[in-house]
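Raw model-v3.txt, compact mmCIF, N, CA and C atoms and all ligand atoms:
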# COMPACT_ATOMS: atom_id res chain seq x y z
N MET F 968 -17.34 -14.50 15.11
CA MET F 968 -16.37 -13.39 15.03
C MET F 968 -16.97 -12.25 14.19
N SER F 969 -16.89 -11.03 14.69
CA SER F 969 -17.46 -9.90 13.95
C SER F 969 -16.54 -9.52 12.78
N LEU F 970 -17.08 -8.72 11.86
CA LEU F 970 -16.29 -8.27 10.71
C LEU F 970 -15.09 -7.45 11.19
N ASP F 971 -15.32 -6.64 12.22
CA ASP F 971 -14.21 -5.83 12.77
C ASP F 971 -13.08 -6.72 13.28
N GLU F 972 -13.45 -7.80 13.97
CA GLU F 972 -12.44 -8.72 14.51
C GLU F 972 -11.70 -9.44 13.37
N LEU F 973 -12.47 -9.81 12.34
CA LEU F 973 -11.85 -10.47 11.17
C LEU F 973 -10.83 -9.54 10.52
N TYR F 974 -11.23 -8.28 10.38
CA TYR F 974 -10.34 -7.29 9.75
C TYR F 974 -9.10 -7.07 10.62
N GLN F 975 -9.29 -7.03 11.94
CA GLN F 975 -8.15 -6.86 12.85
C GLN F 975 -7.16 -8.01 12.68
N GLU F 976 -7.71 -9.21 12.56
CA GLU F 976 -6.87 -10.39 12.42
C GLU F 976 -6.10 -10.35 11.10
N LEU F 977 -6.79 -9.91 10.05
CA LEU F 977 -6.17 -9.82 8.73
C LEU F 977 -5.01 -8.82 8.75
N LEU F 978 -5.24 -7.68 9.38
CA LEU F 978 -4.18 -6.65 9.45
C LEU F 978 -2.98 -7.18 10.25
N LEU F 979 -3.26 -7.85 11.33
CA LEU F 979 -2.18 -8.39 12.15
C LEU F 979 -1.38 -9.43 11.37
N ASP F 980 -2.09 -10.25 10.60
CA ASP F 980 -1.44 -11.29 9.80
C ASP F 980 -0.51 -10.66 8.77
N HIS F 981 -0.97 -9.60 8.11
CA HIS F 981 -0.12 -8.92 7.11
C HIS F 981 1.06 -8.21 7.77
N PHE F 982 0.86 -7.72 8.99
CA PHE F 982 1.96 -7.08 9.70
C PHE F 982 3.03 -8.11 10.08
N LYS F 983 2.58 -9.25 10.58
CA LYS F 983 3.53 -10.28 11.04
C LYS F 983 4.17 -11.03 9.88
N LYS F 984 3.39 -11.23 8.81
CA LYS F 984 3.91 -11.99 7.66
C LYS F 984 3.69 -11.17 6.39
N PRO F 985 4.46 -10.09 6.22
CA PRO F 985 4.20 -9.21 5.08
C PRO F 985 4.38 -9.93 3.74
N ARG F 986 3.43 -9.68 2.83
CA ARG F 986 3.52 -10.25 1.48
C ARG F 986 4.37 -9.32 0.61
N CYS F 987 5.00 -9.90 -0.40
CA CYS F 987 5.78 -9.10 -1.36
C CYS F 987 6.86 -8.29 -0.64
N HIS F 988 7.47 -8.86 0.37
CA HIS F 988 8.48 -8.12 1.12
C HIS F 988 9.84 -8.30 0.47
N GLY F 989 10.58 -7.23 0.32
CA GLY F 989 11.92 -7.30 -0.25
C GLY F 989 12.15 -6.19 -1.24
N CYS F 990 13.11 -6.42 -2.12
CA CYS F 990 13.55 -5.38 -3.04
C CYS F 990 13.82 -6.04 -4.39
N ILE F 991 13.30 -5.49 -5.47
CA ILE F 991 13.52 -6.05 -6.81
C ILE F 991 14.87 -5.54 -7.32
N ALA F 992 15.76 -6.48 -7.65
CA ALA F 992 17.12 -6.08 -8.05
C ALA F 992 17.10 -5.26 -9.35
N ASP F 993 16.32 -5.67 -10.33
CA ASP F 993 16.30 -4.96 -11.62
C ASP F 993 14.99 -4.17 -11.77
N ALA F 994 14.69 -3.39 -10.75
CA ALA F 994 13.42 -2.65 -10.73
C ALA F 994 13.36 -1.59 -11.83
N SER F 995 12.15 -1.32 -12.32
CA SER F 995 11.92 -0.22 -13.27
C SER F 995 11.94 1.12 -12.54
N ALA F 996 11.47 1.10 -11.31
CA ALA F 996 11.41 2.35 -10.52
C ALA F 996 11.38 2.00 -9.04
N HIS F 997 11.79 2.97 -8.24
CA HIS F 997 11.73 2.78 -6.80
C HIS F 997 11.30 4.10 -6.16
N SER F 998 10.74 4.01 -4.99
CA SER F 998 10.42 5.23 -4.25
C SER F 998 10.48 4.95 -2.75
N HIS F 999 10.94 5.96 -2.05
CA HIS F 999 11.13 5.82 -0.61
C HIS F 999 10.38 6.97 0.06
N VAL F 1000 9.43 6.66 0.89
CA VAL F 1000 8.67 7.71 1.57
C VAL F 1000 8.77 7.50 3.08
N PHE F 1001 8.63 8.58 3.79
CA PHE F 1001 8.61 8.44 5.24
C PHE F 1001 7.60 9.41 5.83
N ASN F 1002 7.16 9.06 7.02
CA ASN F 1002 6.21 9.90 7.73
C ASN F 1002 7.00 10.81 8.67
N PRO F 1003 7.03 12.13 8.39
CA PRO F 1003 7.86 13.02 9.22
C PRO F 1003 7.40 13.09 10.67
N LEU F 1004 6.17 12.69 10.93
CA LEU F 1004 5.65 12.76 12.30
C LEU F 1004 6.27 11.68 13.20
N CYS F 1005 6.67 10.56 12.59
CA CYS F 1005 7.16 9.45 13.42
C CYS F 1005 8.46 8.86 12.90
N GLY F 1006 8.82 9.18 11.66
CA GLY F 1006 10.05 8.64 11.08
C GLY F 1006 9.86 7.28 10.42
N ASP F 1007 8.67 6.72 10.46
CA ASP F 1007 8.44 5.41 9.83
C ASP F 1007 8.58 5.52 8.31
N GLN F 1008 9.02 4.42 7.72
CA GLN F 1008 9.37 4.48 6.29
C GLN F 1008 8.86 3.28 5.52
N ILE F 1009 8.68 3.52 4.22
CA ILE F 1009 8.37 2.44 3.28
C ILE F 1009 9.16 2.71 2.00
N ALA F 1010 9.81 1.68 1.49
CA ALA F 1010 10.47 1.77 0.18
C ALA F 1010 9.83 0.74 -0.73
N VAL F 1011 9.41 1.18 -1.90
CA VAL F 1011 8.74 0.29 -2.86
C VAL F 1011 9.60 0.21 -4.12
N THR F 1012 9.76 -1.01 -4.64
CA THR F 1012 10.37 -1.19 -5.96
C THR F 1012 9.34 -1.90 -6.84
N VAL F 1013 9.33 -1.52 -8.11
CA VAL F 1013 8.37 -2.12 -9.04
C VAL F 1013 9.07 -2.52 -10.33
N LYS F 1014 8.49 -3.49 -10.99
CA LYS F 1014 8.92 -3.85 -12.33
C LYS F 1014 7.69 -3.74 -13.22
N VAL F 1015 7.80 -2.84 -14.19
CA VAL F 1015 6.67 -2.55 -15.08
C VAL F 1015 7.02 -3.03 -16.48
N GLY F 1016 6.07 -3.67 -17.13
CA GLY F 1016 6.28 -4.10 -18.51
C GLY F 1016 4.96 -4.47 -19.13
N GLU F 1017 4.84 -4.21 -20.42
CA GLU F 1017 3.60 -4.52 -21.16
C GLU F 1017 2.38 -3.96 -20.44
N ASP F 1018 2.51 -2.72 -19.97
CA ASP F 1018 1.41 -2.02 -19.28
C ASP F 1018 0.93 -2.72 -18.01
N LYS F 1019 1.80 -3.57 -17.47
CA LYS F 1019 1.43 -4.29 -16.24
C LYS F 1019 2.41 -4.03 -15.13
N LEU F 1020 1.91 -4.13 -13.90
CA LEU F 1020 2.79 -4.12 -12.74
C LEU F 1020 3.24 -5.58 -12.56
N GLN F 1021 4.33 -5.92 -13.20
CA GLN F 1021 4.74 -7.33 -13.23
C GLN F 1021 5.22 -7.79 -11.86
N ASP F 1022 5.84 -6.88 -11.11
CA ASP F 1022 6.29 -7.27 -9.77
C ASP F 1022 6.32 -6.02 -8.88
N ILE F 1023 6.10 -6.24 -7.62
CA ILE F 1023 6.19 -5.15 -6.63
C ILE F 1023 6.71 -5.75 -5.34
N LYS F 1024 7.63 -5.03 -4.73
CA LYS F 1024 8.12 -5.45 -3.41
C LYS F 1024 8.31 -4.20 -2.54
N PHE F 1025 8.21 -4.41 -1.25
CA PHE F 1025 8.42 -3.27 -0.36
C PHE F 1025 9.26 -3.69 0.85
N THR F 1026 9.94 -2.71 1.39
CA THR F 1026 10.59 -2.88 2.69
C THR F 1026 10.17 -1.69 3.53
N GLY F 1027 10.41 -1.77 4.81
CA GLY F 1027 10.09 -0.61 5.64
C GLY F 1027 10.12 -0.98 7.10
N HIS F 1028 9.98 0.04 7.90
CA HIS F 1028 9.79 -0.22 9.31
C HIS F 1028 8.82 0.83 9.84
N GLY F 1029 8.02 0.40 10.76
CA GLY F 1029 7.05 1.34 11.31
C GLY F 1029 5.89 0.64 11.95
N CYS F 1030 4.85 1.39 12.15
CA CYS F 1030 3.68 0.88 12.87
C CYS F 1030 2.99 -0.21 12.07
N SER F 1031 2.16 -0.96 12.78
CA SER F 1031 1.48 -2.11 12.15
C SER F 1031 0.60 -1.65 10.99
N ILE F 1032 -0.03 -0.50 11.09
CA ILE F 1032 -0.93 -0.06 10.02
C ILE F 1032 -0.14 0.25 8.75
N SER F 1033 0.97 0.95 8.88
CA SER F 1033 1.75 1.30 7.69
C SER F 1033 2.27 0.05 7.00
N GLN F 1034 2.76 -0.91 7.77
CA GLN F 1034 3.34 -2.11 7.17
C GLN F 1034 2.26 -3.05 6.63
N ALA F 1035 1.17 -3.20 7.35
CA ALA F 1035 0.07 -4.06 6.87
C ALA F 1035 -0.55 -3.46 5.61
N SER F 1036 -0.67 -2.14 5.57
CA SER F 1036 -1.26 -1.48 4.40
C SER F 1036 -0.38 -1.70 3.17
N ALA F 1037 0.93 -1.57 3.32
CA ALA F 1037 1.85 -1.78 2.19
C ALA F 1037 1.79 -3.24 1.72
N SER F 1038 1.64 -4.15 2.66
CA SER F 1038 1.55 -5.57 2.29
C SER F 1038 0.25 -5.86 1.54
N LEU F 1039 -0.86 -5.36 2.06
CA LEU F 1039 -2.16 -5.56 1.39
C LEU F 1039 -2.16 -4.93 0.00
N MET F 1040 -1.59 -3.73 -0.09
CA MET F 1040 -1.51 -3.02 -1.36
C MET F 1040 -0.71 -3.84 -2.38
N SER F 1041 0.44 -4.35 -1.96
CA SER F 1041 1.31 -5.09 -2.87
C SER F 1041 0.62 -6.35 -3.36
N GLU F 1042 -0.01 -7.05 -2.43
CA GLU F 1042 -0.71 -8.28 -2.80
C GLU F 1042 -1.83 -7.99 -3.81
N LEU F 1043 -2.55 -6.90 -3.57
CA LEU F 1043 -3.67 -6.55 -4.46
C LEU F 1043 -3.19 -6.16 -5.85
N CYS F 1044 -2.10 -5.39 -5.92
CA CYS F 1044 -1.71 -4.76 -7.18
C CYS F 1044 -0.78 -5.61 -8.03
N GLN F 1045 -0.13 -6.59 -7.42
CA GLN F 1045 0.84 -7.38 -8.18
C GLN F 1045 0.18 -8.05 -9.38
N GLY F 1046 0.82 -7.85 -10.55
CA GLY F 1046 0.36 -8.52 -11.78
C GLY F 1046 -0.79 -7.81 -12.49
N LYS F 1047 -1.27 -6.72 -11.92
CA LYS F 1047 -2.43 -6.03 -12.53
C LYS F 1047 -1.97 -5.03 -13.60
N GLN F 1048 -2.89 -4.70 -14.49
CA GLN F 1048 -2.64 -3.65 -15.48
C GLN F 1048 -2.39 -2.33 -14.75
N ILE F 1049 -1.50 -1.51 -15.30
CA ILE F 1049 -1.17 -0.23 -14.64
C ILE F 1049 -2.42 0.63 -14.48
N GLU F 1050 -3.26 0.62 -15.48
CA GLU F 1050 -4.49 1.43 -15.40
C GLU F 1050 -5.36 0.98 -14.21
N VAL F 1051 -5.40 -0.33 -14.00
CA VAL F 1051 -6.18 -0.87 -12.87
C VAL F 1051 -5.52 -0.45 -11.55
N VAL F 1052 -4.18 -0.54 -11.50
CA VAL F 1052 -3.46 -0.16 -10.27
C VAL F 1052 -3.74 1.31 -9.94
N ARG F 1053 -3.75 2.15 -10.96
CA ARG F 1053 -4.04 3.58 -10.71
C ARG F 1053 -5.45 3.76 -10.16
N ARG F 1054 -6.37 2.93 -10.63
CA ARG F 1054 -7.74 3.03 -10.11
C ARG F 1054 -7.80 2.56 -8.66
N PHE F 1055 -7.04 1.51 -8.34
CA PHE F 1055 -6.99 1.04 -6.95
C PHE F 1055 -6.44 2.15 -6.04
N ILE F 1056 -5.38 2.80 -6.51
CA ILE F 1056 -4.78 3.87 -5.69
C ILE F 1056 -5.81 4.98 -5.46
N ALA F 1057 -6.50 5.38 -6.51
CA ALA F 1057 -7.51 6.44 -6.38
C ALA F 1057 -8.64 6.01 -5.44
N ALA F 1058 -9.05 4.74 -5.56
CA ALA F 1058 -10.14 4.24 -4.71
C ALA F 1058 -9.71 4.21 -3.24
N PHE F 1059 -8.46 3.80 -3.00
CA PHE F 1059 -7.98 3.74 -1.62
C PHE F 1059 -7.87 5.15 -1.02
N GLN F 1060 -7.31 6.07 -1.81
CA GLN F 1060 -7.17 7.44 -1.32
C GLN F 1060 -8.55 8.04 -1.02
N ALA F 1061 -9.53 7.76 -1.89
CA ALA F 1061 -10.89 8.26 -1.66
C ALA F 1061 -11.47 7.65 -0.38
N MET F 1062 -11.25 6.35 -0.20
CA MET F 1062 -11.77 5.68 1.00
C MET F 1062 -11.18 6.32 2.26
N MET F 1063 -9.90 6.65 2.22
CA MET F 1063 -9.26 7.25 3.40
C MET F 1063 -9.76 8.68 3.64
N ARG F 1064 -10.25 9.32 2.57
CA ARG F 1064 -10.84 10.67 2.76
C ARG F 1064 -12.31 10.58 3.13
N GLY F 1065 -12.85 9.37 3.14
CA GLY F 1065 -14.26 9.19 3.47
C GLY F 1065 -15.17 9.49 2.29
N GLU F 1066 -14.59 9.43 1.07
CA GLU F 1066 -15.38 9.70 -0.13
C GLU F 1066 -15.71 8.38 -0.82
N SER F 1067 -16.78 8.41 -1.62
CA SER F 1067 -17.12 7.20 -2.37
C SER F 1067 -16.26 7.13 -3.63
N HIS F 1068 -16.14 5.93 -4.16
CA HIS F 1068 -15.38 5.73 -5.41
C HIS F 1068 -15.96 4.49 -6.09
N PRO F 1069 -16.15 4.54 -7.41
CA PRO F 1069 -16.80 3.40 -8.09
C PRO F 1069 -16.02 2.09 -7.97
N ASP F 1070 -14.72 2.16 -7.71
CA ASP F 1070 -13.92 0.92 -7.65
C ASP F 1070 -13.65 0.46 -6.22
N LYS F 1071 -14.30 1.08 -5.26
CA LYS F 1071 -13.99 0.76 -3.86
C LYS F 1071 -14.12 -0.74 -3.56
N GLN F 1072 -15.17 -1.37 -4.04
CA GLN F 1072 -15.38 -2.78 -3.70
C GLN F 1072 -14.33 -3.69 -4.34
N GLN F 1073 -13.62 -3.17 -5.35
CA GLN F 1073 -12.56 -3.97 -5.99
C GLN F 1073 -11.33 -4.09 -5.08
N LEU F 1074 -11.32 -3.33 -3.99
CA LEU F 1074 -10.13 -3.33 -3.12
C LEU F 1074 -10.00 -4.60 -2.28
N GLY F 1075 -11.05 -5.39 -2.22
CA GLY F 1075 -10.96 -6.70 -1.54
C GLY F 1075 -10.50 -6.58 -0.10
N ASP F 1076 -9.46 -7.33 0.26
CA ASP F 1076 -8.98 -7.36 1.65
C ASP F 1076 -8.53 -5.98 2.14
N VAL F 1077 -8.17 -5.10 1.19
CA VAL F 1077 -7.71 -3.75 1.57
C VAL F 1077 -8.83 -2.99 2.31
N LEU F 1078 -10.08 -3.42 2.10
CA LEU F 1078 -11.20 -2.78 2.81
C LEU F 1078 -11.05 -2.91 4.32
N ALA F 1079 -10.21 -3.84 4.76
CA ALA F 1079 -9.96 -4.01 6.21
C ALA F 1079 -9.38 -2.74 6.81
N LEU F 1080 -8.82 -1.88 5.97
CA LEU F 1080 -8.19 -0.65 6.48
C LEU F 1080 -9.19 0.51 6.62
N GLU F 1081 -10.41 0.30 6.19
CA GLU F 1081 -11.37 1.42 6.20
C GLU F 1081 -11.57 1.98 7.61
N GLY F 1082 -11.52 1.08 8.61
CA GLY F 1082 -11.73 1.52 9.99
C GLY F 1082 -10.68 2.50 10.49
N VAL F 1083 -9.52 2.53 9.81
CA VAL F 1083 -8.45 3.45 10.22
C VAL F 1083 -8.93 4.90 10.14
N ARG F 1084 -9.89 5.15 9.26
CA ARG F 1084 -10.40 6.52 9.08
C ARG F 1084 -10.88 7.13 10.40
N LYS F 1085 -11.31 6.27 11.32
CA LYS F 1085 -11.83 6.79 12.60
C LYS F 1085 -10.72 7.44 13.43
N PHE F 1086 -9.48 7.13 13.07
CA PHE F 1086 -8.34 7.66 13.84
C PHE F 1086 -7.51 8.54 12.91
N SER F 1087 -7.83 9.82 12.90
CA SER F 1087 -7.28 10.70 11.86
C SER F 1087 -5.74 10.68 11.85
N ALA F 1088 -5.13 10.51 13.01
CA ALA F 1088 -3.65 10.52 13.07
C ALA F 1088 -3.06 9.32 12.35
N ARG F 1089 -3.87 8.26 12.15
CA ARG F 1089 -3.34 7.03 11.54
C ARG F 1089 -3.58 6.97 10.03
N ILE F 1090 -4.34 7.91 9.49
CA ILE F 1090 -4.64 7.87 8.05
C ILE F 1090 -3.34 7.96 7.25
N ARG F 1091 -2.46 8.83 7.71
CA ARG F 1091 -1.17 8.98 7.03
C ARG F 1091 -0.39 7.66 7.02
N CYS F 1092 -0.48 6.91 8.12
CA CYS F 1092 0.19 5.61 8.21
C CYS F 1092 -0.29 4.70 7.08
N ALA F 1093 -1.61 4.64 6.91
CA ALA F 1093 -2.19 3.75 5.91
C ALA F 1093 -1.83 4.16 4.49
N LEU F 1094 -1.65 5.46 4.28
CA LEU F 1094 -1.40 5.97 2.93
C LEU F 1094 0.06 5.87 2.49
N LEU F 1095 0.95 5.64 3.44
CA LEU F 1095 2.39 5.74 3.16
C LEU F 1095 2.84 4.88 1.97
N GLY F 1096 2.55 3.59 2.01
CA GLY F 1096 2.98 2.69 0.93
C GLY F 1096 2.33 3.03 -0.40
N TRP F 1097 1.09 3.48 -0.35
CA TRP F 1097 0.36 3.82 -1.57
C TRP F 1097 0.98 5.04 -2.24
N GLU F 1098 1.46 5.95 -1.40
CA GLU F 1098 2.14 7.12 -1.96
C GLU F 1098 3.42 6.68 -2.68
N ALA F 1099 4.14 5.74 -2.06
CA ALA F 1099 5.38 5.25 -2.68
C ALA F 1099 5.07 4.56 -4.01
N LEU F 1100 4.01 3.77 -4.04
CA LEU F 1100 3.66 3.09 -5.29
C LEU F 1100 3.26 4.10 -6.36
N GLU F 1101 2.46 5.09 -5.98
CA GLU F 1101 2.04 6.10 -6.95
C GLU F 1101 3.26 6.84 -7.52
N ARG F 1102 4.20 7.13 -6.64
CA ARG F 1102 5.42 7.80 -7.12
C ARG F 1102 6.20 6.92 -8.07
N CYS F 1103 6.25 5.63 -7.79
CA CYS F 1103 6.93 4.69 -8.72
C CYS F 1103 6.26 4.75 -10.09
N LEU F 1104 4.93 4.75 -10.12
CA LEU F 1104 4.22 4.75 -11.41
C LEU F 1104 4.43 6.07 -12.15
N ASN F 1105 4.77 7.11 -11.41
CA ASN F 1105 5.01 8.42 -12.03
C ASN F 1105 6.51 8.66 -12.30
N GLY F 1106 7.28 7.59 -12.29
CA GLY F 1106 8.71 7.71 -12.63
C GLY F 1106 9.63 7.37 -11.49
N GLY F 1107 9.15 7.46 -10.27
CA GLY F 1107 9.96 7.08 -9.10
C GLY F 1107 10.96 8.14 -8.70
N ASP F 1108 11.75 7.80 -7.69
CA ASP F 1108 12.77 8.72 -7.18
C ASP F 1108 13.98 8.68 -8.10
N SER F 1109 14.66 9.81 -8.21
CA SER F 1109 15.88 9.81 -9.02
C SER F 1109 17.08 9.35 -8.20
N LYS F 1110 17.01 9.57 -6.90
CA LYS F 1110 18.13 9.14 -6.05
C LYS F 1110 18.08 7.63 -5.86
N PRO F 1111 19.23 6.98 -5.66
CA PRO F 1111 19.19 5.53 -5.39
C PRO F 1111 18.49 5.25 -4.09
N PRO F 1112 17.92 4.04 -3.95
CA PRO F 1112 17.24 3.72 -2.69
C PRO F 1112 18.22 3.73 -1.53
N PRO F 1113 17.75 4.07 -0.33
CA PRO F 1113 18.65 4.07 0.83
C PRO F 1113 19.11 2.65 1.12
N ALA F 1114 20.32 2.56 1.68
CA ALA F 1114 20.85 1.23 2.03
C ALA F 1114 19.94 0.62 3.08
N LYS F 1115 19.76 -0.71 2.97
CA LYS F 1115 18.87 -1.39 3.93
C LYS F 1115 19.57 -1.59 5.26
FE1 LIG V 1201 4.46 6.08 11.91
FE2 LIG V 1201 2.19 4.93 11.56
S1 LIG V 1201 2.95 5.73 13.45
S2 LIG V 1201 3.57 5.47 10.04
Same coordinates, now as structure tokens:
Amino acid sequence: MSLDELYQELLLDHFKKPRCHGCIADASAHSHVFNPLCGDQIAVTVKVGEDKLQDIKFTGHGCSISQASASLMSELCQGKQIEVVRRFIAAFQAMMRGESHPDKQQLGDVLALEGVRKFSARIRCALLGWEALERCLNGGDSKPPPAK
């Protein structure tokens, strides 16, 4: 099996069986983002404490790339120091822009999304959940999360 096929399988697995799926009842912050081009959405809730991302969960609906990316992101970032999570976000955003980043190899399974860059219309799909997480780390949305 080629690396491309392995990555395809990994993305499909995360789409079908999303990790960290749900909503944290006593979240520190939440953020809800959507792609205006298609209406697909991701809502992220986080629990932050002792400079760590103690918990992260997401819900959403949309294309396989947006949902698999949010699942991979959540799995990677859960339990990490906030400073590390910010570096992961920067590394992922750089990868999607086709730029190098010193922490790129730390992204692990998230590297499966690098091929999305070949399809410029799908880059936004991959970034959706990461944008929601970044907004959570910057204080989150002031409005309550939309009803599920
Ligand atoms: Fe809507 Fe991917 S097509 S987020």
Would you pick out the contacts of Leu978 in chain F at 7 Å or less, using all atoms listed in the file, so that residues sharing its chain but fewer than 2 positions from it are not included, and give the list as a list of chain:residue names?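 That gives F:Leu973, F:Tyr974, F:Gln975, F:Glu976, F:Asp980, F:His981, F:Phe982, F:Lys983, F:Ser1031, F:Ala1035, F:Ser1036, F:Ala1079.
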Given a cut-off of 5 Å, what residues near ligand LIG 1201 (chain V) show up using only N, CA and C atoms and all ligand atoms, put as a PDB file with N, CA and C atoms, in the coordinates of the input?
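Final file, pocket.pdb:
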ATOM      1  N   CYS F1005       6.670  10.560  12.590  1.00  0.00           N
ATOM      2  CA  CYS F1005       7.160   9.450  13.420  1.00  0.00           C
ATOM      3  C   CYS F1005       8.460   8.860  12.900  1.00  0.00           C
ATOM      4  N   ASP F1007       8.670   6.720  10.460  1.00  0.00           N
ATOM      5  CA  ASP F1007       8.440   5.410   9.830  1.00  0.00           C
ATOM      6  C   ASP F1007       8.580   5.520   8.310  1.00  0.00           C
ATOM      7  N   CYS F1030       4.850   1.390  12.150  1.00  0.00           N
ATOM      8  CA  CYS F1030       3.680   0.880  12.870  1.00  0.00           C
ATOM      9  C   CYS F1030       2.990  -0.210  12.070  1.00  0.00           C
ATOM     10  N   SER F1033       0.970   0.950   8.880  1.00  0.00           N
ATOM     11  CA  SER F1033       1.750   1.300   7.690  1.00  0.00           C
ATOM     12  C   SER F1033       2.270   0.050   7.000  1.00  0.00           C
ATOM     13  N   CYS F1092      -0.480   6.910   8.120  1.00  0.00           N
ATOM     14  CA  CYS F1092       0.190   5.610   8.210  1.00  0.00           C
ATOM     15  C   CYS F1092      -0.290   4.700   7.080  1.00  0.00           C
TER      16      CYS F1092
END
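If only N, CA and C atoms are the atoms counted, then among F:Leu1074, F:Leu1104, F:Ala996, F:Ala1093 the closest residue to Ala1037 in chain F is F:Ala1093.
Look at range 1038-1050 of chain F: the protein and nucleic acid residues within 6.5 Å of it, using all atoms listed in the file and passing over chain neighbours fewer than 2 places away, are His981, Pro985, Arg986, Cys987, Asp1018, Lys1019, Leu1020, Gln1021, Asp1022, Ile1023, Ser1033, Gln1034, Ala1035, Ser1036, Val1052, Arg1053, Arg1054, Phe1055, Asp1076 and Val1077 of chain F.
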- Tell me, which residues of range 987-1109 of chain F carry DSSP alpha helix (DSSP H), written as an MDAnalysis selection string? chainID F and resid 1031:1044 1049:1064 1087:1104
Write out, as a Markdown table, each residue of range 1071-1113 of chain F that has an atom at most 8 Å from range 998-1004 of chain F, together with the closest pair of atoms and their distance in Å to one decimal, counting only N, CA and C atoms, rows going by chain and rising number.
| residue | atom | partner | partner_atom | distance |
| --- | --- | --- | --- | --- |
| F:Arg1091 | C | F:Asn1002 | CA | 7.0 |
| F:Cys1092 | N | F:Asn1002 | CA | 7.3 |
| F:Leu1095 | C | F:Val1000 | CA | 6.5 |
| F:Gly1096 | N | F:Val1000 | CA | 7.4 |
| F:Glu1098 | C | F:Val1000 | CA | 6.8 |
| F:Ala1099 | CA | F:Ser998 | C | 5.1 |
| F:Leu1100 | N | F:Ser998 | CA | 6.6 |
| F:Arg1102 | C | F:Ser998 | CA | 5.9 |
| F:Cys1103 | CA | F:Ser998 | N | 5.4 |
| F:Leu1104 | N | F:Ser998 | N | 7.8 |
| F:Gly1106 | C | F:Ser998 | N | 7.4 |
| F:Gly1107 | CA | F:Ser998 | N | 5.2 |
| F:Asp1108 | N | F:Ser998 | CA | 4.5 |
| F:Ser1109 | N | F:Ser998 | CA | 7.4 |
| F:Pro1111 | C | F:His999 | N | 7.9 |
| F:Pro1112 | CA | F:His999 | N | 6.7 |
| F:Pro1113 | N | F:His999 | CA | 6.9 |
Extract the full set of strand (DSSP E) residues from range 976-1064 of chain F according to DSSP on the backbone, and format it as a ChimeraX atom specification. /F:996-1001,1008-1016,1019-1028
Separating atom N of Leu977 in chain F from CA of Val1083 in chain F, to the nearest tenth of an Å, is a gap of 13.5 Å
TODO: Would you mind reading off the distance between CA of Met1063 in chain F and atom C of Gln1008 in chain F, one decimal, in Å?
DONE: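 Separation of CA of Met1063 in chain F and atom C of Gln1008 in chain F: 18.7 Å.
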